[in-house]
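A.B. asks: Here you go, one structure.
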Amino acid sequence: MPDCTFFTTAIDYTNAAPHIGHAYEKVLTDVFARFEKLSGRSVYFLTGVDQHGQKVQQSAEKEGLSPLDFAQQCTVKFLALWQQLGVQYDGWAATTDPLHKQAVQRILQQLFNSGKLYKQAHRGFYSVRQEQFLTDKDRNESGAFGPEWGEVVELEEENWYFRLSEYRDWLLGFIDSHEHFVTPAFRRVELRNAVEKLSGDLCISRPKSRLSWGIELPFDAGFVTYVWFDALINYVSFSGYLADPDSGLPCFESLWPAKAHVIGKDILIPAHGVYWPIMLHAIGFSDDHIPNLLVHGWWNISGAKMSKSTGNVIDPAALATHYGVTALRYYLMADISTGKDADFSEERLRIRFNDELANNVGNLLNRTLNMAHRYRAGVLRKLESPDADLSQLALHDAPKAVATYTDAMAHYQVDAALDAAIQLARACNQLIESSAPWKLAKDPAQAERLDAVLYHLAEAIRIVAILLNPVLPDASLGILAQLAVATAPSLQDAVWGRMEDGHLLGPPVPLFPRLEPPPVVAD
RNA sequence: GGGCCUGUAGCUCAAUGGUUAGAGCAGGGGACUCAUAAUCCCUUGGUUGGGGGUUCGAAUCCCUCCAGGCCUACCA
């Protein structure tokens, strides 16, 4: 068993600037990693970039750059975005890293030595313009290859193949016996159906005459390896598999297997659901050393209208700059159910931020601190006088919120987890209305009741702040700072009564300024 | 062609085959003044896409049709 929870993301292809989907996946995984830390467990979060392959080579040529320069130019954009969005990874997997190249070549050599690779000639139709072999599926209605392919020639080419189909039955059995291999469950069904139809082996090489930008096969210098064989291996190469002792990479045994490879639905079949488990099995990994897959959905862009005036609004960096990192992270985590698709909407981003963070949580903090300062000079009294409504909050609402939250996070349901925190804040606002501290303050006989109400509100807000921490680390610390709670957020402290008698609260400062809608422009 | 998913209130979504299908937002009405024009209470709104079937009981299971999306087929 690994002693460290290990999460990975897909590594992004350095051929274009990052978009909202890239940002979603990384923030999602960042939230999982931060939740593990909040729970007191050690965690390792690996993400990175896939820098090899034909498209990078082609794009580099267009811009007159070397593939490496082009890939690094693009990589910088990803690095800057993760910095901006507060994505705190522990390991960076860039596939041009020599340590990665070494691991890929060692694995290829091992597969070669054990006879799992073979060389074979393939004859087919090849598009010179697109630099790829065509299949019958590429033919148009009249059965010919259309003009979009340019010149098409029939040629024969030798390549290296991996004996993928030999492992079909093993993979079927593995899927059947590991119900948590793929989350959500319907994706596992989809995968199983696809594997049943699996036939043919996997071509894992490209001749250098066609593609030079890749990792050379260690046993045949005329070829580079196919991008998936290169990219998938990042999960083990950067976690220390087959690494030299002085490599500086983590200790593989402390990480493997990863708790989850977080990936998009587009790369489940065949890459992560077929190639990857079979590769690991062929290399010699046992069934319980094959990581689970968490498959997330996509943000669809339905309204094309919104980009008209502001340009590319789905650029996550621009969104974060415009609305703030807190608003963007909150929206990306709250408005989609993990595994499903959602429609991206700036209007919903604003609405959810305003309703749930500004009006509900932020205003709750603000009004509570204001009253505490106005009526009690910011000093909390921890008294034994729980009235029914207060004990409801302390003994029922708050523990229930923590339990619901923890269970939801354990099942990767970030939206449901956030909802639990928001509901607790809502319960606090209700308590303020029903207890009316401004009336209690006018009646000296109600002094203890007022102290108790203020204490209960502050405690509940403290717990809300802890629960929000993985998704909104900055806002979480901001709330705790105003509460003058100095200890680092921890789920262990999400229990009632941590603030002591005489605790002095900080001054209120609006933490979530409301987002205003853009000015309405007449058509 | 094969496979998967979705369809529930105006919108975004819940609901192990089991009370009268629920939340939030939006809409309507009211209350309050501690607060970021915030908050709280009440409330309107449903032939669960259509049709058949199984069942004591169906949003849920089966059949069928319709609509939308996805995978199959290298970019989250």
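Every chain in the structure tokens takes a letter, A first, then B, and so on in the order presented; its residues are numbered from 1, and the ligands are numbered from 1 following the presented order.
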Please provide the set of residues having any atom within 7 Å of segment 7-18 of chain B, restricted to only C-alpha atoms (C1' of nucleotides), with same-chain residues fewer than 6 positions apart removed, written as a compact mmCIF listing (two decimals) with N, CA, C and O atoms (P, O5', C5', C4', C3', O3' and C1' of nucleotides), in the first residue's frame.

C.D. replies:
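Okay, part-v1.txt is ready:
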```
# COMPACT_ATOMS: atom_id res chain seq x y z
P G B 45 -50.05 26.50 -8.93
O5' G B 45 -48.87 26.22 -9.96
C5' G B 45 -48.90 26.80 -11.27
C4' G B 45 -47.53 26.73 -11.87
C3' G B 45 -47.00 25.30 -12.06
O3' G B 45 -47.45 24.75 -13.29
C1' G B 45 -45.34 26.67 -11.05
P G B 46 -48.30 23.45 -13.35
O5' G B 46 -47.35 22.57 -14.29
C5' G B 46 -46.04 22.28 -13.93
C4' G B 46 -45.63 20.93 -14.40
C3' G B 46 -46.78 19.92 -14.58
O3' G B 46 -46.54 19.09 -15.71
C1' G B 46 -45.27 19.13 -12.93
P U B 48 -46.22 13.04 -15.55
O5' U B 48 -44.98 13.93 -15.96
C5' U B 48 -44.17 13.60 -17.10
C4' U B 48 -42.72 13.84 -16.80
C3' U B 48 -41.81 12.70 -17.23
O3' U B 48 -40.60 13.26 -17.71
C1' U B 48 -41.50 13.10 -14.94
P G B 49 -39.79 12.54 -18.84
O5' G B 49 -40.58 12.99 -20.14
C5' G B 49 -40.76 14.37 -20.45
C4' G B 49 -41.23 14.49 -21.87
C3' G B 49 -42.24 13.43 -22.29
O3' G B 49 -43.56 13.76 -21.90
C1' G B 49 -40.53 13.55 -23.89
P G B 57 -50.45 -2.53 -9.28
O5' G B 57 -49.53 -1.41 -8.63
C5' G B 57 -50.12 -0.23 -8.10
C4' G B 57 -49.07 0.61 -7.41
C3' G B 57 -47.89 1.03 -8.28
O3' G B 57 -48.20 2.16 -9.06
C1' G B 57 -47.11 0.23 -6.19
P A B 58 -47.49 2.30 -10.51
O5' A B 58 -45.94 2.50 -10.20
C5' A B 58 -45.49 3.64 -9.48
C4' A B 58 -44.27 4.24 -10.18
C3' A B 58 -44.57 4.84 -11.56
O3' A B 58 -43.66 5.91 -11.79
C1' A B 58 -43.05 3.07 -11.79
P A B 59 -44.10 7.41 -11.45
O5' A B 59 -42.95 8.29 -12.12
C5' A B 59 -42.89 8.41 -13.53
C4' A B 59 -41.48 8.70 -13.97
C3' A B 59 -40.54 7.49 -13.92
O3' A B 59 -40.59 6.76 -15.11
C1' A B 59 -39.54 9.35 -12.83
P U B 60 -40.48 5.16 -15.12
O5' U B 60 -39.14 4.84 -14.33
C5' U B 60 -37.87 5.23 -14.83
C4' U B 60 -36.79 4.90 -13.84
C3' U B 60 -36.66 3.40 -13.55
O3' U B 60 -35.29 3.06 -13.42
C1' U B 60 -37.13 4.58 -11.55
```

A.B. asks: I need the chain B residues near chain A as a VMD selection string; criterion: at most 7 Å, counting only C-alpha atoms (C1' of nucleotides).

C.D. replies: chain B and resid 3 to 4 34 to 36 38 to 40 75 to 76

A.B. asks: One decimal, in Å: what's the spacing between atom C1' of U72 of chain B and atom CA of Gly200 of chain A?

C.D. replies: 14.9 Å

A.B. asks: Provide the atom CA of Trp496 of chain A to atom CA of Ser435 of chain A distance in Å, to one decimal place.

C.D. replies: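 If I compute the distance from atom CA of Trp496 of chain A to atom CA of Ser435 of chain A, I get 19.8 Å.
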
A.B. asks: Extract, using only C-alpha atoms (C1' of nucleotides), all DNA, RNA and protein residues at most 12 Å from U64 of chain B, discarding same-chain residues fewer than 6 positions from it, and format them as a list in words.

C.D. replies: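 Within the cut-off, the hits are G50, G51, G52 and G53 of chain B.
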
A.B. asks: Calculate how many Å separate atom CA of Ala398 of chain A from atom CA of Ala458 of chain A, rounding to one decimal.

C.D. replies: 11.9 Å

A.B. asks: DSSP on the backbone, strand (DSSP E) only: what residues of segment 168-404 of chain A does that give? Format it as JSON, numbers by chain.

C.D. replies: {"A": [182, 183, 202, 203, 205, 206, 207, 216, 217, 220, 221, 222, 223, 224, 225, 260, 261, 262, 263, 264, 293, 294, 295, 296, 299, 300, 342, 343]}

A.B. asks: Those same residues, written as a tab-separated table (two decimals), in the first residue's frame with N, CA, C and O atoms?

C.D. replies:
```tsv
chain	number	residue	atom	x	y	z
A	182	VAL	N	-13.40	2.22	-13.11
A	182	VAL	CA	-13.82	3.43	-13.82
A	182	VAL	C	-14.99	4.07	-13.10
A	182	VAL	O	-15.98	3.41	-12.80
A	183	THR	N	-14.85	5.34	-12.78
A	183	THR	CA	-15.93	6.15	-12.23
A	183	THR	C	-16.24	7.25	-13.23
A	183	THR	O	-15.29	7.87	-13.74
A	202	LEU	N	-1.60	-2.80	-31.48
A	202	LEU	CA	-1.40	-1.35	-31.46
A	202	LEU	C	-0.07	-1.00	-32.11
A	202	LEU	O	0.98	-1.49	-31.68
A	203	CYS	N	-0.13	-0.17	-33.11
A	203	CYS	CA	1.10	0.31	-33.74
A	203	CYS	C	1.74	1.33	-32.81
A	203	CYS	O	1.11	2.33	-32.46
A	205	SER	N	4.93	2.73	-33.22
A	205	SER	CA	6.09	3.45	-33.76
A	205	SER	C	5.67	4.34	-34.92
A	205	SER	O	4.62	4.16	-35.52
A	206	ARG	N	6.50	5.33	-35.18
A	206	ARG	CA	6.37	6.13	-36.39
A	206	ARG	C	7.78	6.25	-36.98
A	206	ARG	O	8.73	6.55	-36.23
A	207	PRO	N	7.92	5.98	-38.28
A	207	PRO	CA	9.25	6.10	-38.87
A	207	PRO	C	9.74	7.55	-38.80
A	207	PRO	O	8.96	8.48	-38.97
A	216	GLU	N	12.97	8.04	-29.35
A	216	GLU	CA	13.49	7.00	-30.22
A	216	GLU	C	13.32	5.62	-29.60
A	216	GLU	O	13.50	5.44	-28.39
A	217	LEU	N	12.93	4.64	-30.43
A	217	LEU	CA	12.86	3.26	-29.93
A	217	LEU	C	14.29	2.81	-29.59
A	217	LEU	O	15.19	2.96	-30.40
A	220	ASP	N	15.55	0.19	-32.15
A	220	ASP	CA	15.46	0.43	-33.59
A	220	ASP	C	15.48	1.94	-33.84
A	220	ASP	O	14.46	2.62	-33.74
A	221	ALA	N	16.65	2.46	-34.17
A	221	ALA	CA	16.86	3.91	-34.22
A	221	ALA	C	16.13	4.58	-35.38
A	221	ALA	O	16.13	5.79	-35.48
A	222	GLY	N	15.51	3.80	-36.24
A	222	GLY	CA	14.79	4.41	-37.36
A	222	GLY	C	13.41	4.89	-36.99
A	222	GLY	O	12.70	5.46	-37.82
A	223	PHE	N	13.01	4.69	-35.73
A	223	PHE	CA	11.63	4.99	-35.33
A	223	PHE	C	11.58	5.79	-34.03
A	223	PHE	O	12.47	5.69	-33.19
A	224	VAL	N	10.51	6.56	-33.91
A	224	VAL	CA	10.17	7.14	-32.60
A	224	VAL	C	8.88	6.46	-32.12
A	224	VAL	O	8.16	5.86	-32.91
A	225	THR	N	8.61	6.60	-30.82
A	225	THR	CA	7.44	5.91	-30.29
A	225	THR	C	6.17	6.73	-30.50
A	225	THR	O	6.19	7.96	-30.50
A	260	ALA	N	-6.34	7.88	-8.28
A	260	ALA	CA	-7.13	8.08	-9.49
A	260	ALA	C	-6.31	8.82	-10.54
A	260	ALA	O	-5.58	9.75	-10.23
A	261	HIS	N	-6.45	8.34	-11.78
A	261	HIS	CA	-6.06	9.14	-12.92
A	261	HIS	C	-7.29	9.96	-13.30
A	261	HIS	O	-8.31	9.40	-13.68
A	262	VAL	N	-7.20	11.26	-13.17
A	262	VAL	CA	-8.33	12.12	-13.52
A	262	VAL	C	-8.20	12.47	-15.00
A	262	VAL	O	-7.20	13.06	-15.42
A	263	ILE	N	-9.20	12.06	-15.78
A	263	ILE	CA	-9.12	12.25	-17.24
A	263	ILE	C	-10.47	12.71	-17.78
A	263	ILE	O	-11.50	12.57	-17.13
A	264	GLY	N	-10.45	13.22	-18.99
A	264	GLY	CA	-11.68	13.59	-19.68
A	264	GLY	C	-12.28	12.38	-20.38
A	264	GLY	O	-11.60	11.39	-20.65
A	293	LEU	N	-9.66	5.00	-12.68
A	293	LEU	CA	-9.83	6.14	-13.56
A	293	LEU	C	-11.05	6.94	-13.12
A	293	LEU	O	-12.11	6.37	-12.90
A	294	LEU	N	-10.86	8.24	-12.98
A	294	LEU	CA	-11.99	9.12	-12.72
A	294	LEU	C	-12.23	9.92	-14.00
A	294	LEU	O	-11.39	10.72	-14.40
A	295	VAL	N	-13.37	9.70	-14.60
A	295	VAL	CA	-13.64	10.28	-15.92
A	295	VAL	C	-14.61	11.45	-15.77
A	295	VAL	O	-15.76	11.26	-15.35
A	296	HIS	N	-14.14	12.63	-16.07
A	296	HIS	CA	-15.02	13.79	-15.94
A	296	HIS	C	-15.62	14.15	-17.29
A	296	HIS	O	-15.19	13.70	-18.34
A	299	TRP	N	-17.32	20.81	-20.37
A	299	TRP	CA	-18.06	22.06	-20.37
A	299	TRP	C	-18.41	22.37	-21.83
A	299	TRP	O	-17.52	22.62	-22.64
A	300	ASN	N	-19.68	22.32	-22.12
A	300	ASN	CA	-20.09	22.64	-23.49
A	300	ASN	C	-20.38	24.12	-23.59
A	300	ASN	O	-20.83	24.75	-22.64
A	342	ALA	N	-21.74	19.82	-18.62
A	342	ALA	CA	-22.53	21.00	-18.22
A	342	ALA	C	-22.35	22.06	-19.29
A	342	ALA	O	-21.41	22.01	-20.08
A	343	ASP	N	-23.26	22.99	-19.30
A	343	ASP	CA	-23.14	24.12	-20.21
A	343	ASP	C	-22.45	25.26	-19.50
A	343	ASP	O	-22.84	25.64	-18.40
```

A.B. asks: Which residues are near Trp160 of chain A? Cut-off 8 Å, only C-alpha atoms (C1' of nucleotides), ignore same chain within fewer than 5 positions. Put them as a tab-separated table (two decimals) with C-alpha atoms, in the first residue's frame.

C.D. replies:
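Listed below is the output, part-v6.tsv:
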```tsv
chain	number	residue	atom	x	y	z
A	117	LEU	CA	6.59	-6.21	-29.63
A	118	TYR	CA	6.97	-7.23	-33.25
A	119	LYS	CA	7.78	-5.53	-36.55
A	120	GLN	CA	5.45	-5.76	-39.50
A	203	CYS	CA	1.10	0.31	-33.74
A	204	ILE	CA	3.57	1.94	-31.38
A	205	SER	CA	6.09	3.45	-33.76
```
